[in-house]
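Trainee: If it helps, the file is called structure28.pdb and holds PDB, C-alpha atoms:
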```pdb
ATOM      1  CA  MET A 579       5.720 -16.602  -2.726
ATOM      2  CA  SER A 580       2.592 -14.485  -2.927
ATOM      3  CA  ILE A 581       1.776 -11.289  -1.103
ATOM      4  CA  THR A 582      -1.152 -11.593   1.292
ATOM      5  CA  LEU A 583      -3.332  -9.125   3.120
ATOM      6  CA  THR A 584      -5.393 -10.379   6.077
ATOM      7  CA  TYR A 585      -8.192  -8.694   7.965
ATOM      8  CA  SER A 586     -10.393 -10.318  10.616
ATOM      9  CA  GLY A 587      -9.472 -13.854   9.561
ATOM     10  CA  THR A 588     -10.031 -13.280   5.832
ATOM     11  CA  THR A 589      -6.972 -13.373   3.575
ATOM     12  CA  ALA A 590      -6.672 -11.710   0.179
ATOM     13  CA  TYR A 591      -4.007 -13.255  -2.053
ATOM     14  CA  LEU A 592      -2.193 -10.679  -4.159
ATOM     15  CA  SER A 593       0.311 -11.085  -6.963
ATOM     16  CA  ASP A 594       3.972 -11.318  -5.985
ATOM     17  CA  ARG A 595       4.635  -9.010  -8.930
ATOM     18  CA  LEU A 596       3.353  -5.923  -7.121
ATOM     19  CA  HIS A 597       6.112  -3.337  -7.036
ATOM     20  CA  TRP A 598       7.034  -1.772  -3.644
ATOM     21  CA  ALA A 599       7.554   1.714  -5.063
ATOM     22  CA  ASP A 600       8.829   3.504  -1.938
ATOM     23  CA  GLU A 601      10.804   0.684  -0.314
ATOM     24  CA  PHE A 602      14.018   2.709  -0.154
ATOM     25  CA  GLY A 603      12.510   6.197  -0.038
ATOM     26  CA  TRP A 604      11.953   6.320   3.722
ATOM     27  CA  SER A 605      14.371   6.869   6.575
ATOM     28  CA  PRO A 606      13.722   5.708  10.148
ATOM     29  CA  VAL A 607      15.647   8.744  11.385
ATOM     30  CA  GLU A 608      13.819  12.014  11.991
ATOM     31  CA  GLN A 609      15.920  15.157  12.172
ATOM     32  CA  VAL A 610      14.953  18.760  12.811
ATOM     33  CA  THR A 611      17.399  21.646  12.715
ATOM     34  CA  ALA A 612      17.089  25.232  13.860
ATOM     35  CA  TYR A 613      19.358  28.059  14.886
ATOM     36  CA  SER A 614      19.515  29.444  18.400
ATOM     37  CA  THR A 615      19.424  33.162  19.115
ATOM     38  CA  THR A 616      23.236  33.065  19.286
ATOM     39  CA  GLY A 617      23.454  31.600  15.780
ATOM     40  CA  ARG A 618      24.434  28.121  16.907
ATOM     41  CA  LEU A 619      22.961  25.149  14.997
ATOM     42  CA  LEU A 620      20.564  23.049  17.069
ATOM     43  CA  VAL A 621      19.932  19.490  15.892
ATOM     44  CA  ASP A 622      17.248  17.210  17.299
ATOM     45  CA  VAL A 623      17.484  13.585  16.103
ATOM     46  CA  ALA A 624      15.299  10.569  16.955
ATOM     47  CA  VAL A 625      14.315   7.196  15.557
ATOM     48  CA  LYS A 626      10.741   6.977  14.242
ATOM     49  CA  GLN A 627       8.622   4.371  16.020
ATOM     50  CA  SER A 628       6.362   3.634  13.006
ATOM     51  CA  GLY A 629       4.908   5.185   9.880
ATOM     52  CA  GLN A 630       6.961   3.711   7.044
ATOM     53  CA  PRO A 631       4.911   3.985   3.850
ATOM     54  CA  VAL A 632       4.336   0.859   1.801
ATOM     55  CA  THR A 633       3.081   1.636  -1.704
ATOM     56  CA  LEU A 634       2.408  -1.466  -3.777
ATOM     57  CA  GLU A 635       1.681  -0.880  -7.456
ATOM     58  CA  GLY A 636       0.519  -3.085 -10.264
ATOM     59  CA  THR A 637       1.708  -2.386 -13.794
ATOM     60  CA  ASP A 638       0.058  -2.480 -17.191
ATOM     61  CA  THR A 639       1.254  -6.065 -17.677
ATOM     62  CA  ASN A 640       1.601  -7.472 -14.143
ATOM     63  CA  ALA A 641      -0.088  -7.880 -10.762
ATOM     64  CA  TRP A 642      -3.683  -7.606 -11.865
ATOM     65  CA  ILE A 643      -6.553  -8.459  -9.527
ATOM     66  CA  SER A 644     -10.172  -9.287 -10.216
ATOM     67  CA  ARG A 645     -13.017  -6.809  -9.878
ATOM     68  CA  ALA A 646     -14.478  -9.085  -7.187
ATOM     69  CA  LEU A 647     -11.279  -8.739  -5.121
ATOM     70  CA  CYS A 648     -11.318  -4.972  -5.750
ATOM     71  CA  SER A 649     -14.781  -4.838  -4.188
ATOM     72  CA  THR A 650     -13.557  -6.666  -1.074
ATOM     73  CA  LEU A 651     -10.493  -4.449  -0.744
ATOM     74  CA  GLN A 652     -12.560  -1.296  -1.253
ATOM     75  CA  ALA A 653     -14.909  -2.443   1.520
ATOM     76  CA  TRP A 654     -11.918  -2.979   3.835
ATOM     77  CA  ALA A 655     -10.526   0.454   2.956
ATOM     78  CA  ALA A 656     -13.889   1.994   3.898
ATOM     79  CA  LEU A 657     -13.485   0.788   7.512
ATOM     80  CA  PRO A 658     -11.750   3.620   9.412
ATOM     81  CA  GLY A 659      -8.532   2.712  11.202
ATOM     82  CA  ILE A 660      -8.501  -1.031  10.590
ATOM     83  CA  GLN A 661      -5.188  -2.837  10.984
ATOM     84  CA  LEU A 662      -4.229  -5.506   8.488
ATOM     85  CA  ASP A 663      -1.475  -8.111   8.338
ATOM     86  CA  LEU A 664       0.566  -7.659   5.175
ATOM     87  CA  VAL A 665       2.920 -10.508   4.293
ATOM     88  CA  LEU A 666       5.520  -9.103   1.937
ATOM     89  CA  ARG A 667       8.798 -10.809   1.027
ATOM     90  CA  GLY A 668       8.315 -13.364   3.786
ATOM     91  CA  ALA A 669       7.873 -10.793   6.582
ATOM     92  CA  THR A 670       4.604  -9.848   8.274
ATOM     93  CA  HIS A 671       3.870  -6.146   8.737
ATOM     94  CA  GLN A 672       1.000  -4.523  10.645
ATOM     95  CA  VAL A 673      -0.393  -1.832   8.328
ATOM     96  CA  ILE A 674      -3.254   0.616   7.977
ATOM     97  CA  PHE A 675      -4.530   2.219   4.786
ATOM     98  CA  ASP A 676      -2.836   5.572   4.127
ATOM     99  CA  HIS A 677      -6.033   7.470   3.352
ATOM    100  CA  ALA A 678      -4.230  10.817   3.172
ATOM    101  CA  ASN A 679      -2.473   9.514   0.036
ATOM    102  CA  GLY A 680      -5.265   7.503  -1.548
ATOM    103  CA  GLY A 681      -5.448   4.243   0.451
ATOM    104  CA  PHE A 682      -6.590   1.766  -2.198
ATOM    105  CA  SER A 683      -7.374   2.382  -5.842
ATOM    106  CA  ALA A 684      -7.645   0.265  -8.974
ATOM    107  CA  GLN A 685      -7.937   1.014 -12.661
ATOM    108  CA  PRO A 686      -9.421  -1.392 -15.223
ATOM    109  CA  VAL A 687      -6.896  -3.017 -17.535
ATOM    110  CA  TRP A 688      -9.367  -2.741 -20.423
ATOM    111  CA  LYS A 689     -11.966  -0.050 -20.976
ATOM    112  CA  LEU A 690     -15.335  -1.746 -21.472
ATOM    113  CA  LEU A 691     -18.944  -0.749 -21.836
ATOM    114  CA  ASP A 692     -21.034  -0.700 -18.662
ATOM    115  CA  GLY A 693     -22.928  -3.854 -19.654
ATOM    116  CA  GLU A 694     -19.641  -5.758 -20.121
ATOM    117  CA  ILE A 695     -18.469  -5.332 -16.511
ATOM    118  CA  THR A 696     -18.182  -8.673 -14.658
ATOM    119  CA  PRO A 697     -16.575  -9.760 -11.344
ATOM    120  CA  GLU A 698     -13.842 -11.553 -13.334
ATOM    121  CA  LEU A 699     -12.510  -8.438 -15.070
ATOM    122  CA  PHE A 700      -8.920  -7.470 -14.280
ATOM    123  CA  TYR A 701      -7.815  -4.271 -12.576
ATOM    124  CA  ARG A 702      -4.398  -2.721 -11.937
ATOM    125  CA  PRO A 703      -4.240  -2.004  -8.169
ATOM    126  CA  THR A 704      -2.377   0.527  -6.082
ATOM    127  CA  PHE A 705      -2.157   0.047  -2.323
ATOM    128  CA  ARG A 706      -0.948   2.795  -0.015
ATOM    129  CA  PHE A 707      -0.267   1.631   3.530
ATOM    130  CA  LEU A 708       1.531   2.883   6.623
ATOM    131  CA  LYS A 709       3.318   0.467   8.955
ATOM    132  CA  VAL A 710       2.060   0.786  12.549
TER     133      VAL A 710
END
```
Transcribe the structure of this file into structure tokens.
Mentor:
Amino acid sequence: MSITLTYSGTTAYLSDRLHWADEFGWSPVEQVTAYSTTGRLLVDVAVKQSGQPVTLEGTDTNAWISRALCSTLQAWAALPGIQLDLVLRGATHQVIFDHANGGFSAQPVWKLLDGEITPELFYRPTFRFLKV
């Protein structure tokens, strides 16, 4: 089962070996505490409506993507506020790029000379999304 990212009818197929780094680092419960002027603890609790981060990371040995796909994804990330369909682990999520934390980035797997760069070269991607 691969991971897919779809925008405006175009689907990018990503490796199913991308690691969801912050899958269990988010809580849907928001809580704020303060003390009243009498010293009593005030607690305000609510369920978040959206905003779960989804950080997908490639590794040095897995989940590489081509430079050509990097160019497409970078072009998508340059469109402010676009919503994408992310299919991850069989579930579809509406996401936006989390630009405050980097959005999309990719590092080459091998360091090459400028003249050796081709669309087929492999890159290690990092995606930072927010569920909406």
Trainee: Pick from A:Gly617, A:Pro703, A:Gly659, A:Pro631: nearest to A:Arg595, with only C-alpha atoms counted?
Mentor: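 That would be A:Pro703, the residue with the smallest distance to A:Arg595.
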Trainee: If you apply the PyMOL selection byres ((chain A and resi 706-708) around 8) to this file, what residues do you get, as a compact mmCIF listing (two decimals) with C-alpha atoms, in the frame of the given file?
Mentor:
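Dumped everything to expr_17.txt:
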```
# COMPACT_ATOMS: atom_id res chain seq x y z
CA GLY A 629 4.91 5.18 9.88
CA GLN A 630 6.96 3.71 7.04
CA PRO A 631 4.91 3.98 3.85
CA VAL A 632 4.34 0.86 1.80
CA THR A 633 3.08 1.64 -1.70
CA LEU A 634 2.41 -1.47 -3.78
CA VAL A 673 -0.39 -1.83 8.33
CA ILE A 674 -3.25 0.62 7.98
CA PHE A 675 -4.53 2.22 4.79
CA ASP A 676 -2.84 5.57 4.13
CA HIS A 677 -6.03 7.47 3.35
CA ASN A 679 -2.47 9.51 0.04
CA GLY A 680 -5.26 7.50 -1.55
CA GLY A 681 -5.45 4.24 0.45
CA PHE A 682 -6.59 1.77 -2.20
CA THR A 704 -2.38 0.53 -6.08
CA PHE A 705 -2.16 0.05 -2.32
CA LYS A 709 3.32 0.47 8.96
CA VAL A 710 2.06 0.79 12.55
```
Trainee: Within 9 Å of (4.7, -7.2, -7.4) (file coordinates; only C-alpha atoms), which protein or nucleic acid residues are there? I'd like them as a PyMOL selection string.
Mentor: chain A and resi 580-581+592-598+634-637+640-641
Trainee: For A:Cys648, please output as a list in words all residues within 12 Å (counting only C-alpha atoms; exclusion window: fewer than 3 positions along the same chain).
Mentor: Ala590, Tyr591, Leu592, Trp642, Ile643, Ser644, Arg645, Leu651, Gln652, Ala653, Trp654, Ala655, Phe682, Ser683, Ala684, Gln685, Pro686, Thr696, Pro697, Glu698, Leu699, Phe700, Tyr701, Arg702, Pro703, Thr704 and Phe705 of chain A
Trainee: Under the PyMOL selection byres ((chain A and resi 611) around 6), which residues of this model are included? Write them out as a short mmCIF file (atom, residue, chain, number, x, y, z; two decimals) with C-alpha atoms, keeping the file's coordinate frame.
Mentor:
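And here is the file that came out, selection18.cif:
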```cif
data_model
loop_
_atom_site.label_atom_id
_atom_site.label_comp_id
_atom_site.auth_asym_id
_atom_site.auth_seq_id
_atom_site.Cartn_x
_atom_site.Cartn_y
_atom_site.Cartn_z
CA VAL A 610 14.95 18.76 12.81
CA ALA A 612 17.09 25.23 13.86
CA LEU A 620 20.56 23.05 17.07
CA VAL A 621 19.93 19.49 15.89
#
```
Trainee: Could you tell me which residues the PyMOL selection byres ((chain A and resi 623) around 6) grabs in this file, written as a ChimeraX atom specification?
Mentor: /A:608-609,622,624
Trainee: May I ask for the distance between atom CA of A:Thr589 and atom CA of A:Ala646, given in Å to one decimal place?
Mentor: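 A separation of 13.8 Å between them.
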Trainee: In Å, how far is it from atom CA of A:Gly587 to atom CA of A:Arg667?
Mentor: 20.4 Å
Trainee: Atom CA of A:Ser586 and atom CA of A:Val665, how far apart in Å?
Mentor: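 Distance between the two atoms: 14.7 Å.
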